[in-house]
Number of protein chains: 2
Amino acid sequence: MFSEDTGNFFRSPVREIFKKVDLNSIYSFAGGYPSAETFPLEDIRQTMSEVITKWGGNAFQYGATQGVTCLREAVARRCNVSIDRVQITSSSQQGIDVCTRILVDPGDVILTSNPSYLGALQSFCSYRADIRGIRHASTIESFRASYEEAVANAESEGKKIKFLYMIPDFQNPSGETLSLEEREILVELAQNHGFLIIEDSPYRELRYEGEHVPTMYSLAPDTVIHLGSFSKIFAPGFRLGWILANPEILDKIYVCKQSLDLCPPVFDQYVAAEFLSSGKLDANLVKTIALYKSKRDLLLSLLQEYMPKGVTWTHPEGGLFLFLTMPEGFDSVKFYDKALGAEVAYVAGSFFHPDGSGLNTMRMNFSFMSPQKIETGVKILAGLLAEEINEMSK
Amino acid sequence: MFSEDTGNFFRSPVREIFKKVDLNSIYSFAGGYPSAETFPLEDIRQTMSEVITKWGGNAFQYGATQGVTCLREAVARRCNVSIDRVQITSSSQQGIDVCTRILVDPGDVILTSNPSYLGALQSFCSYRADIRGIRHASTIESFRASYEEAVANAESEGKKIKFLYMIPDFQNPSGETLSLEEREILVELAQNHGFLIIEDSPYRELRYEGEHVPTMYSLAPDTVIHLGSFSKIFAPGFRLGWILANPEILDKIYVCKQSLDLCPPVFDQYVAAEFLSSGKLDANLVKTIALYKSKRDLLLSLLQEYMPKGVTWTHPEGGLFLFLTMPEGFDSVKFYDKALGAEVAYVAGSFFHPDGSGLNTMRMNFSFMSPQKIETGVKILAGLLAEEINEMSK
């Protein structure tokens with residue numbers, strides 16, 4: 001039975017926001033929404049018409065459980081893998097769910113960063129996994145030691161580690177990126193101790209500065225399951241993602257996915273395939289990256305200008321989020337009602353922490369709102385934070 | 001962990017067919033595919049363009065987990081329920097999976113008809129449910145007795161019955177329909193013994209003769225979870241269905257669905273909503289029903305003309321399937337290779353039987369193929385069956 005009684009992930013304000021509040025009507029740093037202006041409406045309209053002409057009824061029929069061949073081929077080319085390593089998913093969230101479902105029994109250990117992606121933690125919890133979050137250490141030696149220690153602890157308890165879940169590029173929620181050396185350490189650890197790595201990679205192509213670091217999948221394609229998504233590089237309304245993995249793992253996923261939903265949305269897959277193959281997706285992505293870079297820069301400069309003393313934040317090289325840390329003792333869950341009362345939303349940091357820590361942190365999204373709303377939102381939030389922190393020090 | 005080691009459902013030839021054979025290139029009575037000619041391509045093309053104009057970027061953004069409001073409203077109107085009883089699903093198969101996931105622990109009893117829908121049995125198996133199939137009795141007294149006995153047996157073993165899964169209209173695979181009295185007996189039994197009923201209803205609107213029987217949901221909306229689907233009345237390529245249930249159950253489904261895939265495909269939902277509201281869906285459905293009725297009539301008359309003695313079949317009043325019974329001792333699993341060698345596909349009946357019985361049965365679909373292919377397919381199949389049955393009697 002689906003378990004929602006473990007952890008605090010199911011009481012997340014995100015759920016309540018999504019259920020009750022119209023994000024367009026408030027200042028929302030909360031969701032991980034792309035900006036709607038990045039959706040190339042006229043190109044989509046034209047491509048949809050072309051897909052109907054080209055594929056006819058096949059575009060609306062049941063499709064293969066693995067995904068339609070032309071999309072698998074397009075993803076394979078883009079990721080430089082063979083097509084038998086590509087499974088299309090009905091959203092990247094489904095990729096997380098299906099991998100957990102085929103791999104995890106109640107009580108099995110899943111290693112994650114601490115903090116990590118809320119939606120993944122929800123899924124892990126629902127399978128009653130034993131989630132062990134590991135804080136990002138500042139030196140490479142302590143990074144290695146912290147993961148080695150977590151593995152040794154689980155093994156000494158006789159627990160089975162099923163996989164390590166990581167978002168190595170522009171992590172959700174922290175915005176941080178793992179160095180090549182860090183990735184190599186994790187891959188080596190997984191290989192030495194016989195567990196898999198799930199590399200969740202929805203933001204990788206949204207880089208605003210610096211150089212791409214190789215994917216963990218490219219370092220060890222039989223140890224790493226790579227999850228990709230069209231949500232941030234094209235449009236989330238299509239609910240399409242992909243899994244790269246070795247064919248034996250994909251065969252298990254195939255059987256499981258068949259009982260989940262038979263196949264991914266078919267018409268949407270043809271549209272995505274056409275966008276990839278025609279180069280339209282990449283052309284649009286250049287504009288998206290420029291837009292998000294300008295929003296990130298804006299948010300960073302506004303935080304610099306308006307945030308009270310004692311508040312710090314990460315500097316993400318890409319992605320959609322940065323992470324704010326307030327002074328010890330600050331409670332971002334309690335503070336949330338105050339913020340929402342002033343029409344500002346964020347996600348409290350503790351919801352991303354499998355150990356429930358991080359009460360003095362929050363995640364801020366910079367992709368969704370207009371520059372004007374980002375500016376007003378930061379000013380309101382900064383004012384409230386200044387008050388709150390001032391209160392605390394009394 | 002996902003379980004595929006129980007039952008024989010995962011070794012189904014359907015899986016192999018879907019994976020390896022192009023259904024268009026053979027005579028396939030196998031899948032539950034609509035006929036591609038029923039998809040109103042030009043209306044869809046126009047509606048898609050209208051949706052883009054009307055909803056803009058919202059049509060490609062993340063949507064509410066319950067489904068977009070206009071589609072929930074349209075389904076609520078069509079089904080004559082309030083909107084808080086409607087959850088949109090990413091396929092009706094997801095409806096089955098999500099209900100099983102929130103309700104069933106390993107070892108819990110699920111009652112089903114025997115035979116029942118393969119995809120549901122796969123899902124139940126994967127959650128390690130204890131599936132009890134009940135054969136359809138010929139009199140109302142024995143119908144009641146057979147279900148009462150199954151309930152009493154489970155209770156006397158101290159087992160928890162979580163739900164009864166039924167396809168009351170034009171059942172998959174048998175094509176049979178439950179009478180009102182049968183439905184009332186099942187609802188009363190569920191209420192008296194405190195379990196739910198899942199009424200899977202993808203074919204209900206495809207009736208070719210006789211009068212509609214009330215849904216089980218309409219008899220007891222707090223005892224019955226109703227699963228609807230756009231796959232057979234519109235197009236399966238959109239992967240959209242709906243759940244009607246009481247709001248408390250829907251709240252559990254909401255939380256579960258959020259961790260499965262966040263929300264159903266958004267653009268596809270707007271298209272479906274527009275088709276429902278504009279009346280285009282109903283106008284098209286009239287044509288679909290006429291087409292499928294003619295195909296059903298054709299198949300029935302061809303079976304009458306060509307099938308050897310000893311073969312019998314059901315007479316479905318609607319839906320996509322009829323069910324063939326060969327003489328005792330016939331093995332439709334073994335026979336399958338012979339049929340596929342002659343380019344004819346069906347689904348062996350035993351795969352629909354949770355107790356593994358029904359080896360001498362097979363399911364035949366009549367919606368997918370053209371009349372010409374149905375005719376040639378029946379002739380080939382009848383010839384092979386005559387040979388095989390002749391062999392058996394030696």
# chains A, B, ... in the order shown; residues from 1 in each chain; ligands from 1
call {"tool": "interface_residues", "arguments": {"of": "chain B", "to": "chain A", "cutoff": "6 Å", "atoms": "only C-alpha atoms", "output": "ChimeraX atom specification"}}
result
/B:1-2,36,57,60-62,91,93-94,97,101-105,123,235-239,259-261,265-267
call {"tool": "residues_around", "arguments": {"residues": "B:Pro327", "least_positions_apart": "4", "cutoff": "9 Å", "atoms": "only C-alpha atoms", "output": "PyMOL selection string"}}
result
chain B and resi 310-312+360-361+389
call {"tool": "select_by_dssp", "arguments": {"residues": "stretch 228-307 of chain B", "states": "strand (DSSP E)", "output": "short mmCIF file (atom, residue, chain, number, x, y, z; two decimals) with N, CA, C and O atoms, in the first residue's frame"}}
result
data_model
loop_
_atom_site.label_atom_id
_atom_site.label_comp_id
_atom_site.auth_asym_id
_atom_site.auth_seq_id
_atom_site.Cartn_x
_atom_site.Cartn_y
_atom_site.Cartn_z
N GLY B 228 -12.98 5.69 -15.92
CA GLY B 228 -13.36 5.98 -17.31
C GLY B 228 -12.13 6.19 -18.17
O GLY B 228 -11.03 6.37 -17.66
N SER B 229 -12.33 6.18 -19.49
CA SER B 229 -11.19 6.27 -20.41
C SER B 229 -11.57 7.02 -21.68
O SER B 229 -12.67 6.83 -22.21
N GLY B 241 -7.62 9.28 -18.92
CA GLY B 241 -8.79 8.64 -18.36
C GLY B 241 -9.26 9.46 -17.17
O GLY B 241 -8.78 10.57 -16.94
N TRP B 242 -10.25 8.94 -16.44
CA TRP B 242 -10.70 9.66 -15.25
C TRP B 242 -11.13 8.67 -14.18
O TRP B 242 -11.42 7.50 -14.46
N ILE B 243 -11.13 9.16 -12.97
CA ILE B 243 -11.62 8.38 -11.82
C ILE B 243 -12.76 9.18 -11.21
O ILE B 243 -12.63 10.39 -10.99
N LEU B 244 -13.89 8.51 -10.95
CA LEU B 244 -14.94 9.08 -10.11
C LEU B 244 -14.90 8.34 -8.79
O LEU B 244 -14.93 7.10 -8.75
#
call {"tool": "select_by_dssp", "arguments": {"residues": "stretch 222-340 of chain B", "states": "alpha helix (DSSP H)", "output": "JSON, numbers by chain"}}
result
{"B": [247, 248, 249, 250, 251, 252, 253, 254, 255, 256, 257, 258, 259, 260, 261, 266, 267, 268, 269, 270, 271, 272, 273, 274, 275, 276, 277, 278, 280, 281, 282, 283, 284, 285, 286, 287, 288, 289, 290, 291, 292, 293, 294, 295, 296, 297, 298, 299, 300, 301, 302, 303, 304, 305, 306, 332, 333, 334, 335, 336, 337, 338, 339, 340]}
call {"tool": "atom_distance", "arguments": {"atom1": "atom CA of A:Phe170", "atom2": "atom CA of A:Lys373"}}
result
23.1 Å
call {"tool": "atom_distance", "arguments": {"atom1": "atom CA of A:Ile289", "atom2": "atom CA of B:Lys54"}}
result
26.7 Å
call {"tool": "atom_distance", "arguments": {"atom1": "atom CA of A:Ala339", "atom2": "atom CA of A:Met392"}}
result
16.4 Å
call {"tool": "closest_residue", "arguments": {"among": "B:Arg128, B:Lys287, B:Lys293, B:Arg363", "to": "B:Trp313", "atoms": "only C-alpha atoms"}}
result
B:Arg363
call {"tool": "closest_residue", "arguments": {"among": "B:Glu375, B:Glu73, B:Asp282, B:Asp297", "to": "B:Tyr208", "atoms": "only C-alpha atoms"}}
result
B:Asp297
call {"tool": "decode", "arguments": {"residues": "stretch 300-316 of chain B", "atoms": "all heavy atoms", "output": "mmCIF file, in the first residue's frame"}}
result
data_model
loop_
_atom_site.group_PDB
_atom_site.id
_atom_site.type_symbol
_atom_site.label_atom_id
_atom_site.label_comp_id
_atom_site.auth_asym_id
_atom_site.auth_seq_id
_atom_site.Cartn_x
_atom_site.Cartn_y
_atom_site.Cartn_z
ATOM 1 N N LEU B 300 -19.289 -11.914 -36.141
ATOM 2 C CA LEU B 300 -20.239 -12.943 -35.697
ATOM 3 C C LEU B 300 -20.695 -13.808 -36.883
ATOM 4 O O LEU B 300 -20.759 -15.036 -36.778
ATOM 5 C CB LEU B 300 -21.456 -12.291 -35.024
ATOM 6 C CG LEU B 300 -21.210 -11.730 -33.610
ATOM 7 C CD1 LEU B 300 -22.406 -10.892 -33.141
ATOM 8 C CD2 LEU B 300 -20.915 -12.852 -32.605
ATOM 9 N N SER B 301 -20.979 -13.171 -38.008
ATOM 10 C CA SER B 301 -21.477 -13.965 -39.145
ATOM 11 C C SER B 301 -20.355 -14.820 -39.741
ATOM 12 O O SER B 301 -20.593 -15.946 -40.188
ATOM 13 C CB SER B 301 -22.121 -13.054 -40.198
ATOM 14 O OG SER B 301 -21.124 -12.319 -40.871
ATOM 15 N N LEU B 302 -19.116 -14.300 -39.730
ATOM 16 C CA LEU B 302 -17.990 -15.096 -40.246
ATOM 17 C C LEU B 302 -17.703 -16.302 -39.354
ATOM 18 O O LEU B 302 -17.413 -17.402 -39.845
ATOM 19 C CB LEU B 302 -16.736 -14.225 -40.344
ATOM 20 C CG LEU B 302 -16.726 -13.159 -41.441
ATOM 21 C CD1 LEU B 302 -15.582 -12.175 -41.225
ATOM 22 C CD2 LEU B 302 -16.609 -13.817 -42.827
ATOM 23 N N LEU B 303 -17.791 -16.085 -38.048
ATOM 24 C CA LEU B 303 -17.560 -17.214 -37.122
ATOM 25 C C LEU B 303 -18.612 -18.290 -37.385
ATOM 26 O O LEU B 303 -18.305 -19.488 -37.445
ATOM 27 C CB LEU B 303 -17.640 -16.730 -35.668
ATOM 28 C CG LEU B 303 -16.531 -15.769 -35.201
ATOM 29 C CD1 LEU B 303 -16.802 -15.287 -33.777
ATOM 30 C CD2 LEU B 303 -15.152 -16.416 -35.292
ATOM 31 N N GLN B 304 -19.871 -17.827 -37.523
ATOM 32 C CA GLN B 304 -20.977 -18.737 -37.803
ATOM 33 C C GLN B 304 -20.698 -19.556 -39.063
ATOM 34 O O GLN B 304 -20.917 -20.771 -39.110
ATOM 35 C CB GLN B 304 -22.251 -17.882 -37.993
ATOM 36 C CG GLN B 304 -23.543 -18.657 -38.071
ATOM 37 C CD GLN B 304 -23.832 -19.373 -36.752
ATOM 38 O OE1 GLN B 304 -23.601 -18.823 -35.680
ATOM 39 N NE2 GLN B 304 -24.294 -20.610 -36.849
ATOM 40 N N GLU B 305 -20.154 -18.873 -40.064
ATOM 41 C CA GLU B 305 -19.965 -19.523 -41.366
ATOM 42 C C GLU B 305 -18.746 -20.448 -41.378
ATOM 43 O O GLU B 305 -18.795 -21.539 -41.947
ATOM 44 C CB GLU B 305 -19.814 -18.435 -42.441
ATOM 45 C CG GLU B 305 -19.812 -18.997 -43.860
ATOM 46 C CD GLU B 305 -19.852 -17.881 -44.909
ATOM 47 O OE1 GLU B 305 -20.128 -16.711 -44.531
ATOM 48 O OE2 GLU B 305 -19.610 -18.189 -46.087
ATOM 49 N N TYR B 306 -17.659 -20.030 -40.720
ATOM 50 C CA TYR B 306 -16.395 -20.740 -40.933
ATOM 51 C C TYR B 306 -15.902 -21.593 -39.764
ATOM 52 O O TYR B 306 -15.066 -22.470 -39.967
ATOM 53 C CB TYR B 306 -15.297 -19.751 -41.326
ATOM 54 C CG TYR B 306 -15.534 -19.133 -42.681
ATOM 55 C CD1 TYR B 306 -15.996 -17.831 -42.800
ATOM 56 C CD2 TYR B 306 -15.313 -19.869 -43.846
ATOM 57 C CE1 TYR B 306 -16.229 -17.261 -44.044
ATOM 58 C CE2 TYR B 306 -15.549 -19.317 -45.100
ATOM 59 C CZ TYR B 306 -16.011 -18.014 -45.196
ATOM 60 O OH TYR B 306 -16.244 -17.474 -46.416
ATOM 61 N N MET B 307 -16.347 -21.321 -38.544
ATOM 62 C CA MET B 307 -15.733 -22.033 -37.416
ATOM 63 C C MET B 307 -16.156 -23.496 -37.399
ATOM 64 O O MET B 307 -17.304 -23.817 -37.656
ATOM 65 C CB MET B 307 -16.106 -21.363 -36.090
ATOM 66 C CG MET B 307 -15.233 -20.171 -35.756
ATOM 67 S SD MET B 307 -13.507 -20.640 -35.487
ATOM 68 C CE MET B 307 -12.679 -19.109 -35.954
ATOM 69 N N PRO B 308 -15.185 -24.358 -37.077
ATOM 70 C CA PRO B 308 -15.519 -25.786 -37.033
ATOM 71 C C PRO B 308 -16.430 -26.105 -35.859
ATOM 72 O O PRO B 308 -16.548 -25.322 -34.910
ATOM 73 C CB PRO B 308 -14.159 -26.455 -36.852
ATOM 74 C CG PRO B 308 -13.298 -25.419 -36.238
ATOM 75 C CD PRO B 308 -13.774 -24.113 -36.761
ATOM 76 N N LYS B 309 -17.043 -27.248 -35.918
ATOM 77 C CA LYS B 309 -17.916 -27.717 -34.837
ATOM 78 C C LYS B 309 -17.110 -27.815 -33.536
ATOM 79 O O LYS B 309 -15.926 -28.157 -33.568
ATOM 80 C CB LYS B 309 -18.460 -29.108 -35.208
ATOM 81 C CG LYS B 309 -19.954 -29.255 -34.905
ATOM 82 C CD LYS B 309 -20.473 -30.629 -35.279
ATOM 83 C CE LYS B 309 -21.347 -31.127 -34.152
ATOM 84 N NZ LYS B 309 -21.209 -32.535 -33.867
ATOM 85 N N GLY B 310 -17.757 -27.526 -32.436
ATOM 86 C CA GLY B 310 -17.053 -27.610 -31.159
ATOM 87 C C GLY B 310 -16.509 -26.274 -30.686
ATOM 88 O O GLY B 310 -16.067 -26.138 -29.549
ATOM 89 N N VAL B 311 -16.529 -25.256 -31.567
ATOM 90 C CA VAL B 311 -16.084 -23.916 -31.165
ATOM 91 C C VAL B 311 -17.328 -23.052 -30.900
ATOM 92 O O VAL B 311 -18.241 -23.020 -31.724
ATOM 93 C CB VAL B 311 -15.221 -23.263 -32.266
ATOM 94 C CG1 VAL B 311 -14.800 -21.855 -31.854
ATOM 95 C CG2 VAL B 311 -13.997 -24.127 -32.563
ATOM 96 N N THR B 312 -17.358 -22.394 -29.746
ATOM 97 C CA THR B 312 -18.477 -21.501 -29.426
ATOM 98 C C THR B 312 -17.928 -20.116 -29.075
ATOM 99 O O THR B 312 -16.726 -19.960 -28.852
ATOM 100 C CB THR B 312 -19.292 -22.007 -28.215
ATOM 101 O OG1 THR B 312 -18.410 -22.096 -27.081
ATOM 102 C CG2 THR B 312 -19.881 -23.398 -28.495
ATOM 103 N N TRP B 313 -18.810 -19.133 -29.046
ATOM 104 C CA TRP B 313 -18.357 -17.769 -28.750
ATOM 105 C C TRP B 313 -19.472 -16.960 -28.108
ATOM 106 O O TRP B 313 -20.645 -17.314 -28.203
ATOM 107 C CB TRP B 313 -17.856 -17.086 -30.026
ATOM 108 C CG TRP B 313 -18.806 -17.153 -31.175
ATOM 109 C CD1 TRP B 313 -19.787 -16.273 -31.494
ATOM 110 C CD2 TRP B 313 -18.871 -18.192 -32.163
ATOM 111 N NE1 TRP B 313 -20.452 -16.683 -32.607
ATOM 112 C CE2 TRP B 313 -19.914 -17.862 -33.043
ATOM 113 C CE3 TRP B 313 -18.137 -19.387 -32.377
ATOM 114 C CZ2 TRP B 313 -20.252 -18.664 -34.130
ATOM 115 C CZ3 TRP B 313 -18.482 -20.184 -33.468
ATOM 116 C CH2 TRP B 313 -19.525 -19.823 -34.332
ATOM 117 N N THR B 314 -19.032 -15.872 -27.462
ATOM 118 C CA THR B 314 -19.994 -14.984 -26.801
ATOM 119 C C THR B 314 -20.579 -14.012 -27.829
ATOM 120 O O THR B 314 -20.022 -13.812 -28.904
ATOM 121 C CB THR B 314 -19.309 -14.175 -25.681
ATOM 122 O OG1 THR B 314 -18.193 -13.478 -26.241
ATOM 123 C CG2 THR B 314 -18.822 -15.080 -24.568
ATOM 124 N N HIS B 315 -21.699 -13.403 -27.440
ATOM 125 C CA HIS B 315 -22.363 -12.417 -28.294
ATOM 126 C C HIS B 315 -22.372 -11.087 -27.545
ATOM 127 O O HIS B 315 -23.295 -10.796 -26.789
ATOM 128 C CB HIS B 315 -23.805 -12.870 -28.589
ATOM 129 C CG HIS B 315 -24.553 -11.898 -29.448
ATOM 130 N ND1 HIS B 315 -24.781 -12.096 -30.794
ATOM 131 C CD2 HIS B 315 -25.112 -10.687 -29.169
ATOM 132 C CE1 HIS B 315 -25.443 -11.081 -31.289
ATOM 133 N NE2 HIS B 315 -25.667 -10.206 -30.330
ATOM 134 N N PRO B 316 -21.322 -10.264 -27.733
ATOM 135 C CA PRO B 316 -21.246 -9.017 -26.966
ATOM 136 C C PRO B 316 -22.221 -7.965 -27.482
ATOM 137 O O PRO B 316 -22.363 -7.809 -28.694
ATOM 138 C CB PRO B 316 -19.806 -8.552 -27.186
ATOM 139 C CG PRO B 316 -19.414 -9.147 -28.497
ATOM 140 C CD PRO B 316 -20.178 -10.434 -28.642
#
